[in-house]
>>> print(open('start11.cif').read())   # mmCIF, C-alpha atoms
data_structure
loop_
_atom_site.label_atom_id
_atom_site.label_comp_id
_atom_site.auth_asym_id
_atom_site.auth_seq_id
_atom_site.Cartn_x
_atom_site.Cartn_y
_atom_site.Cartn_z
CA MET A 1 42.33 -40.11 29.97
CA LEU A 2 43.44 -36.49 29.95
CA ARG A 3 45.17 -37.03 26.71
CA ARG A 4 41.98 -38.36 25.06
CA ALA A 5 40.05 -35.32 26.27
CA ALA A 6 42.67 -32.98 24.80
CA VAL A 7 42.62 -34.83 21.48
CA ALA A 8 38.82 -34.74 21.41
CA ALA A 9 38.82 -31.00 22.21
CA GLY A 10 41.36 -30.39 19.47
CA MET A 11 39.26 -32.30 16.95
CA ILE A 12 36.16 -30.35 17.92
CA ALA A 13 38.07 -27.06 17.61
CA LEU A 14 39.34 -28.06 14.18
CA ALA A 15 35.80 -28.93 13.09
CA VAL A 16 34.16 -25.78 14.50
CA PHE A 17 36.87 -23.20 13.71
CA PRO A 18 36.42 -23.25 9.87
CA ALA A 19 32.64 -22.96 10.28
CA VAL A 20 32.99 -19.96 12.61
CA VAL A 21 35.43 -18.22 10.26
CA TRP A 22 33.14 -18.87 7.28
CA LEU A 23 30.16 -17.52 9.24
CA LEU A 24 32.04 -14.36 10.21
CA LEU A 25 33.22 -13.78 6.67
CA SER A 26 29.80 -14.28 5.15
CA LEU A 27 27.90 -11.88 7.42
CA PRO A 28 26.54 -9.08 5.21
CA GLY A 29 28.03 -5.66 5.78
CA THR A 30 31.08 -6.81 7.75
CA SER A 31 34.43 -5.42 6.71
CA LEU A 32 35.87 -8.94 6.68
CA ALA A 33 33.18 -10.07 4.26
CA ARG A 34 33.79 -7.08 1.98
CA GLU A 35 37.56 -7.60 2.02
CA ALA A 36 37.16 -11.29 1.31
CA GLY A 37 34.66 -10.52 -1.48
CA MET A 38 31.89 -12.46 0.23
CA GLY A 39 28.42 -11.61 1.48
CA THR A 40 26.25 -8.74 0.31
CA PRO A 41 27.65 -5.27 -0.20
CA ASP A 42 27.15 -2.63 2.43
CA PRO A 43 23.86 -0.81 1.68
CA ALA A 44 25.68 2.53 1.67
CA ARG A 45 27.73 1.45 -1.36
CA VAL A 46 26.17 2.26 -4.69
CA ASP A 47 28.92 1.21 -7.09
CA ASN A 48 26.50 -0.69 -9.29
CA ALA A 49 23.97 2.16 -9.79
CA PRO A 50 24.11 4.08 -13.09
CA GLN A 51 25.60 7.51 -12.52
CA GLU A 52 22.69 9.52 -13.97
CA ARG A 53 20.17 7.70 -11.75
CA LEU A 54 22.37 8.31 -8.74
CA GLU A 55 22.62 12.02 -9.54
CA ARG A 56 18.85 12.23 -10.06
CA TRP A 57 18.31 10.53 -6.68
CA ARG A 58 20.68 12.92 -4.91
CA ALA A 59 19.01 15.94 -6.54
CA MET A 60 15.56 14.89 -5.30
CA PRO A 61 14.03 16.70 -2.35
CA PRO A 62 13.96 14.57 0.83
CA GLU A 63 10.13 14.35 0.72
CA GLU A 64 10.28 12.85 -2.76
CA ARG A 65 12.91 10.32 -1.71
CA GLU A 66 10.83 9.33 1.31
CA ARG A 67 7.75 8.95 -0.89
CA ILE A 68 9.69 6.59 -3.17
CA ARG A 69 11.04 4.62 -0.21
CA GLU A 70 7.52 4.25 1.19
CA ARG A 71 6.22 3.09 -2.17
CA TYR A 72 9.02 0.53 -2.36
CA ARG A 73 8.20 -0.71 1.17
CA ARG A 74 4.53 -1.12 0.22
CA TRP A 75 5.57 -3.01 -2.92
CA LYS A 76 7.71 -5.39 -0.90
CA GLU A 77 4.83 -5.99 1.55
CA LEU A 78 2.44 -7.06 -1.23
CA PRO A 79 1.77 -10.77 -1.55
CA PRO A 80 3.71 -12.36 -4.43
CA GLU A 81 0.51 -13.15 -6.38
CA LYS A 82 -0.55 -9.52 -6.34
CA ARG A 83 2.92 -8.37 -7.41
CA GLU A 84 2.78 -10.87 -10.29
CA ARG A 85 -0.58 -9.47 -11.43
CA ILE A 86 0.78 -5.92 -11.34
CA VAL A 87 3.91 -6.90 -13.27
CA GLU A 88 1.77 -8.72 -15.85
CA ARG A 89 -0.56 -5.72 -16.23
CA HIS A 90 2.46 -3.47 -16.70
CA ARG A 91 3.90 -5.83 -19.33
CA ARG A 92 0.60 -5.82 -21.26
CA TRP A 93 0.48 -2.02 -21.05
CA ARG A 94 3.98 -1.72 -22.57
CA GLU A 95 2.95 -4.05 -25.40
CA LEU A 96 0.01 -1.85 -26.42
CA PRO A 97 0.51 0.35 -29.49
CA GLU A 98 1.31 3.97 -28.64
CA GLU A 99 -2.00 5.19 -30.08
CA GLN A 100 -3.99 2.88 -27.83
CA ARG A 101 -1.96 3.87 -24.75
CA ARG A 102 -2.58 7.55 -25.51
CA TYR A 103 -6.31 6.87 -25.91
CA LEU A 104 -6.43 5.04 -22.56
CA LYS A 105 -4.46 7.80 -20.83
CA ASP A 106 -6.92 10.35 -22.22
CA ARG A 107 -9.87 8.26 -20.96
CA ARG A 108 -8.26 8.02 -17.52
CA LYS A 109 -7.89 11.82 -17.41
CA LEU A 110 -11.50 12.32 -18.56
CA LEU A 111 -12.73 9.97 -15.85
CA LYS A 112 -10.60 11.68 -13.22
CA ASP A 113 -12.06 15.08 -14.16
CA ALA A 114 -15.65 13.78 -14.49
CA GLY A 115 -18.33 14.40 -11.91
CA PRO A 116 -19.43 11.68 -9.49
CA GLU A 117 -22.58 10.83 -11.49
CA ASP A 118 -20.58 10.42 -14.69
CA ARG A 119 -18.01 8.22 -12.93
CA VAL A 120 -20.82 5.96 -11.67
CA ILE A 121 -22.16 5.56 -15.22
CA VAL A 122 -18.69 4.79 -16.64
CA ARG A 123 -17.96 2.27 -13.87
CA LYS A 124 -21.31 0.63 -14.55
CA PHE A 125 -20.30 0.36 -18.22
CA PHE A 126 -16.97 -1.28 -17.30
CA ALA A 127 -18.68 -3.70 -14.92
CA ARG A 128 -21.08 -4.67 -17.72
CA MET A 129 -18.18 -5.10 -20.16
CA ARG A 130 -16.35 -7.36 -17.69
CA SER A 131 -19.46 -9.49 -17.27
CA LEU A 132 -19.58 -10.30 -21.00
CA PRO A 133 -18.11 -13.59 -22.21
CA PRO A 134 -14.61 -13.11 -23.71
CA GLY A 135 -15.77 -13.35 -27.33
CA GLU A 136 -18.55 -10.79 -26.91
CA ARG A 137 -16.24 -8.51 -24.93
CA ARG A 138 -13.65 -8.62 -27.75
CA ALA A 139 -16.37 -7.82 -30.31
CA ALA A 140 -17.69 -4.92 -28.21
CA ARG A 141 -14.19 -3.46 -27.81
CA GLN A 142 -13.67 -3.75 -31.56
CA LYS A 143 -16.95 -1.91 -32.27
CA ILE A 144 -15.96 0.86 -29.88
CA ARG A 145 -12.50 1.09 -31.46
CA GLU A 146 -14.01 1.26 -34.95
CA GLY A 147 -16.63 3.74 -33.72
CA ARG A 148 -13.94 6.33 -33.05
CA SER A 149 -13.41 6.81 -36.78
CA LEU A 150 -17.09 6.72 -37.81
CA PRO A 151 -19.35 9.73 -38.40
CA LEU A 152 -21.78 10.49 -35.56
CA GLU A 153 -24.85 8.73 -37.05
CA GLU A 154 -22.96 5.55 -37.93
CA ARG A 155 -21.22 5.56 -34.56
CA GLU A 156 -24.56 5.72 -32.75
CA GLU A 157 -25.87 2.85 -34.90
CA ALA A 158 -22.79 0.76 -34.08
CA MET A 159 -23.17 1.51 -30.37
CA ARG A 160 -26.85 0.48 -30.42
CA SER A 161 -25.76 -2.95 -31.59
CA LEU A 162 -24.06 -3.47 -28.21
CA PRO A 163 -26.46 -5.51 -26.04
CA PHE A 164 -26.36 -3.33 -22.93
CA TYR A 165 -26.25 0.05 -24.72
CA ARG A 166 -29.94 -0.16 -25.62
CA GLU A 167 -30.82 -0.63 -21.93
CA LEU A 168 -29.22 2.71 -20.94
CA SER A 169 -31.14 5.94 -20.43
CA ASP A 170 -30.48 8.91 -22.74
CA ARG A 171 -28.40 10.61 -20.05
CA GLU A 172 -26.30 7.46 -19.55
CA ARG A 173 -25.81 7.12 -23.32
CA ASP A 174 -24.67 10.75 -23.58
CA THR A 175 -22.19 10.23 -20.77
CA LEU A 176 -20.92 7.01 -22.28
CA ARG A 177 -20.53 8.55 -25.75
CA TRP A 178 -18.67 11.45 -24.18
CA PHE A 179 -16.35 9.13 -22.26
CA LEU A 180 -15.62 6.80 -25.17
CA PHE A 181 -15.29 9.32 -27.99
CA ALA A 182 -14.56 12.80 -26.57
CA ARG A 183 -11.31 14.55 -27.27
CA PRO A 184 -9.06 15.25 -24.26
CA GLY A 185 -10.33 18.20 -22.23
CA GLU A 186 -13.83 18.04 -23.72
CA ARG A 187 -16.49 18.47 -21.04
CA PRO A 188 -19.45 16.12 -20.46
CA PRO A 189 -22.60 17.04 -22.46
CA ARG A 190 -24.46 18.60 -19.50
CA GLU A 191 -21.79 21.12 -18.57
#
>>> encode(input="start11.cif", output="structure tokens")
Amino acid sequence: MLRRAAVAAGMIALAVFPAVVWLLLSLPGTSLAREAGMGTPDPARVDNAPQERLERWRAMPPEERERIRERYRRWKELPPEKRERIVERHRRWRELPEEQRRYLKDRRKLLKDAGPEDRVIVRKFFARMRSLPPGERRAARQKIREGRSLPLEEREEAMRSLPFYRELSDRERDTLRWFLFARPGERPPRE
């Protein structure tokens, strides 16, 4: 009876021992795992980072590094669907021609520097554009794009053909014309 118990214990040890060794070797960050070439590398190791990026990181002030870490943490906390939307938006942005990206960057700066009333008018315009069916929205964008190269009178005529433009007050039209066609740094018409 004792002999059967010893044989059974030996068989159990032989079955469990390889699993325990494998588990110990595969734990991330353990020296055994690194020496055996298993598991994930220790986070302190940065062998796979390009040298110039590593130098730039080291040269950053601690506040900047912490800001980047916090941004990364927030990114990781986002739901996967939201991350996908952001990645897709970024991909579409990179695919835009340089001229169009510059135009959009200029519009963003104009909107950032605009007064609260002007921002409300521009947001109202974007909300109205989003409410259009896709075909009409594409046509409206095309008219606006073409309007950039037109003389003032023809531009105004093209803008009046947009369905919602006619419904705007004179002040709202002035603000919208300024936002869509002003050169960078140009102030709104009332200033």
>>> closest_residue(input="start11.cif", among="A:Leu104, A:Glu146, A:Phe164, A:Trp178", to="Arg130 (chain A)", atoms="all atoms listed in the file")
A:Phe164
>>> resolve_selection(input="start11.cif", expression="the PyMOL selection byres ((chain A and resi 162) around 12)", output="PyMOL selection string")
chain A and resi 125+128-129+132+136-144+147+155-161+163-168+173
>>> atom_distance(input="start11.cif", atom1="CA of Arg108 (chain A)", atom2="CA of Val120 (chain A)")
14.0 Å
>>> atom_distance(input="start11.cif", atom1="CA of Ile68 (chain A)", atom2="CA of Ile86 (chain A)")
17.4 Å
>>> axis_aligned_box(input="start11.cif", around="region 105-122 of chain A", padding_each_side="6 Å", output="JSON")
{"center_x": -13.5, "center_y": 9.9, "center_z": -15.9, "size_x": 30.1, "size_y": 22.3, "size_z": 24.7}
>>> atom_distance(input="start11.cif", atom1="CA of Glu99 (chain A)", atom2="CA of Val87 (chain A)")
21.5 Å
>>> resolve_selection(input="start11.cif", expression="the PyMOL selection byres ((chain A and resi 183) around 12)", output="short mmCIF file (atom, residue, chain, number, x, y, z; two decimals) with C-alpha atoms, keeping the file's coordinate frame")
data_model
loop_
_atom_site.label_atom_id
_atom_site.label_comp_id
_atom_site.auth_asym_id
_atom_site.auth_seq_id
_atom_site.Cartn_x
_atom_site.Cartn_y
_atom_site.Cartn_z
CA ARG A 102 -2.58 7.55 -25.51
CA TYR A 103 -6.31 6.87 -25.91
CA LEU A 104 -6.43 5.04 -22.56
CA LYS A 105 -4.46 7.80 -20.83
CA ASP A 106 -6.92 10.35 -22.22
CA ARG A 107 -9.87 8.26 -20.96
CA LYS A 109 -7.89 11.82 -17.41
CA LEU A 110 -11.50 12.32 -18.56
CA ARG A 148 -13.94 6.33 -33.05
CA ARG A 177 -20.53 8.55 -25.75
CA TRP A 178 -18.67 11.45 -24.18
CA PHE A 179 -16.35 9.13 -22.26
CA LEU A 180 -15.62 6.80 -25.17
CA PHE A 181 -15.29 9.32 -27.99
CA ALA A 182 -14.56 12.80 -26.57
CA PRO A 184 -9.06 15.25 -24.26
CA GLY A 185 -10.33 18.20 -22.23
CA GLU A 186 -13.83 18.04 -23.72
CA ARG A 187 -16.49 18.47 -21.04
CA PRO A 188 -19.45 16.12 -20.46
#
>>> build_atoms(input="start11.cif", residues="region 122-148 of chain A", atoms="N, CA and C atoms", output="PDB file, keeping the file's coordinate frame")
ATOM      1  N   VAL A 122     -19.831   5.415 -15.947  1.00  0.00           N
ATOM      2  CA  VAL A 122     -18.690   4.790 -16.640  1.00  0.00           C
ATOM      3  C   VAL A 122     -18.297   3.494 -15.929  1.00  0.00           C
ATOM      4  N   ARG A 123     -18.292   3.505 -14.607  1.00  0.00           N
ATOM      5  CA  ARG A 123     -17.960   2.270 -13.870  1.00  0.00           C
ATOM      6  C   ARG A 123     -18.988   1.176 -14.132  1.00  0.00           C
ATOM      7  N   LYS A 124     -20.243   1.581 -14.232  1.00  0.00           N
ATOM      8  CA  LYS A 124     -21.310   0.630 -14.550  1.00  0.00           C
ATOM      9  C   LYS A 124     -21.055   0.018 -15.932  1.00  0.00           C
ATOM     10  N   PHE A 125     -20.628   0.845 -16.878  1.00  0.00           N
ATOM     11  CA  PHE A 125     -20.300   0.360 -18.220  1.00  0.00           C
ATOM     12  C   PHE A 125     -19.162  -0.666 -18.152  1.00  0.00           C
ATOM     13  N   PHE A 126     -18.096  -0.355 -17.405  1.00  0.00           N
ATOM     14  CA  PHE A 126     -16.970  -1.280 -17.300  1.00  0.00           C
ATOM     15  C   PHE A 126     -17.378  -2.586 -16.621  1.00  0.00           C
ATOM     16  N   ALA A 127     -18.213  -2.486 -15.604  1.00  0.00           N
ATOM     17  CA  ALA A 127     -18.680  -3.700 -14.920  1.00  0.00           C
ATOM     18  C   ALA A 127     -19.469  -4.562 -15.906  1.00  0.00           C
ATOM     19  N   ARG A 128     -20.284  -3.922 -16.718  1.00  0.00           N
ATOM     20  CA  ARG A 128     -21.080  -4.670 -17.720  1.00  0.00           C
ATOM     21  C   ARG A 128     -20.162  -5.304 -18.764  1.00  0.00           C
ATOM     22  N   MET A 129     -19.137  -4.558 -19.181  1.00  0.00           N
ATOM     23  CA  MET A 129     -18.180  -5.100 -20.160  1.00  0.00           C
ATOM     24  C   MET A 129     -17.464  -6.320 -19.580  1.00  0.00           C
ATOM     25  N   ARG A 130     -17.058  -6.227 -18.315  1.00  0.00           N
ATOM     26  CA  ARG A 130     -16.350  -7.360 -17.690  1.00  0.00           C
ATOM     27  C   ARG A 130     -17.243  -8.576 -17.546  1.00  0.00           C
ATOM     28  N   SER A 131     -18.554  -8.358 -17.448  1.00  0.00           N
ATOM     29  CA  SER A 131     -19.460  -9.490 -17.270  1.00  0.00           C
ATOM     30  C   SER A 131     -19.727 -10.242 -18.575  1.00  0.00           C
ATOM     31  N   LEU A 132     -19.356  -9.634 -19.704  1.00  0.00           N
ATOM     32  CA  LEU A 132     -19.580 -10.300 -21.000  1.00  0.00           C
ATOM     33  C   LEU A 132     -18.627 -11.475 -21.162  1.00  0.00           C
ATOM     34  N   PRO A 133     -19.045 -12.498 -21.890  1.00  0.00           N
ATOM     35  CA  PRO A 133     -18.110 -13.590 -22.210  1.00  0.00           C
ATOM     36  C   PRO A 133     -16.958 -13.034 -23.061  1.00  0.00           C
ATOM     37  N   PRO A 134     -15.794 -13.646 -23.010  1.00  0.00           N
ATOM     38  CA  PRO A 134     -14.610 -13.110 -23.710  1.00  0.00           C
ATOM     39  C   PRO A 134     -14.829 -12.774 -25.179  1.00  0.00           C
ATOM     40  N   GLY A 135     -15.534 -13.618 -25.907  1.00  0.00           N
ATOM     41  CA  GLY A 135     -15.770 -13.350 -27.330  1.00  0.00           C
ATOM     42  C   GLY A 135     -16.608 -12.106 -27.551  1.00  0.00           C
ATOM     43  N   GLU A 136     -17.692 -11.976 -26.794  1.00  0.00           N
ATOM     44  CA  GLU A 136     -18.550 -10.790 -26.910  1.00  0.00           C
ATOM     45  C   GLU A 136     -17.822  -9.534 -26.466  1.00  0.00           C
ATOM     46  N   ARG A 137     -17.011  -9.663 -25.423  1.00  0.00           N
ATOM     47  CA  ARG A 137     -16.240  -8.510 -24.930  1.00  0.00           C
ATOM     48  C   ARG A 137     -15.272  -8.026 -26.008  1.00  0.00           C
ATOM     49  N   ARG A 138     -14.583  -8.975 -26.669  1.00  0.00           N
ATOM     50  CA  ARG A 138     -13.650  -8.620 -27.750  1.00  0.00           C
ATOM     51  C   ARG A 138     -14.394  -7.904 -28.878  1.00  0.00           C
ATOM     52  N   ALA A 139     -15.572  -8.421 -29.238  1.00  0.00           N
ATOM     53  CA  ALA A 139     -16.370  -7.820 -30.310  1.00  0.00           C
ATOM     54  C   ALA A 139     -16.823  -6.409 -29.923  1.00  0.00           C
ATOM     55  N   ALA A 140     -17.245  -6.237 -28.664  1.00  0.00           N
ATOM     56  CA  ALA A 140     -17.690  -4.920 -28.210  1.00  0.00           C
ATOM     57  C   ALA A 140     -16.527  -3.925 -28.227  1.00  0.00           C
ATOM     58  N   ARG A 141     -15.361  -4.349 -27.776  1.00  0.00           N
ATOM     59  CA  ARG A 141     -14.190  -3.460 -27.810  1.00  0.00           C
ATOM     60  C   ARG A 141     -13.859  -3.064 -29.247  1.00  0.00           C
ATOM     61  N   GLN A 142     -13.963  -4.027 -30.151  1.00  0.00           N
ATOM     62  CA  GLN A 142     -13.670  -3.750 -31.560  1.00  0.00           C
ATOM     63  C   GLN A 142     -14.652  -2.728 -32.116  1.00  0.00           C
ATOM     64  N   LYS A 143     -15.944  -2.863 -31.784  1.00  0.00           N
ATOM     65  CA  LYS A 143     -16.950  -1.910 -32.270  1.00  0.00           C
ATOM     66  C   LYS A 143     -16.657  -0.515 -31.729  1.00  0.00           C
ATOM     67  N   ILE A 144     -16.278  -0.439 -30.477  1.00  0.00           N
ATOM     68  CA  ILE A 144     -15.960   0.860 -29.880  1.00  0.00           C
ATOM     69  C   ILE A 144     -14.734   1.454 -30.568  1.00  0.00           C
ATOM     70  N   ARG A 145     -13.716   0.620 -30.793  1.00  0.00           N
ATOM     71  CA  ARG A 145     -12.500   1.090 -31.460  1.00  0.00           C
ATOM     72  C   ARG A 145     -12.819   1.607 -32.868  1.00  0.00           C
ATOM     73  N   GLU A 146     -13.632   0.845 -33.596  1.00  0.00           N
ATOM     74  CA  GLU A 146     -14.010   1.260 -34.950  1.00  0.00           C
ATOM     75  C   GLU A 146     -14.904   2.491 -34.910  1.00  0.00           C
ATOM     76  N   GLY A 147     -15.720   2.605 -33.848  1.00  0.00           N
ATOM     77  CA  GLY A 147     -16.630   3.740 -33.720  1.00  0.00           C
ATOM     78  C   GLY A 147     -15.924   5.076 -33.619  1.00  0.00           C
ATOM     79  N   ARG A 148     -14.691   5.068 -33.169  1.00  0.00           N
ATOM     80  CA  ARG A 148     -13.940   6.330 -33.050  1.00  0.00           C
ATOM     81  C   ARG A 148     -13.750   7.005 -34.398  1.00  0.00           C
TER      82      ARG A 148
END
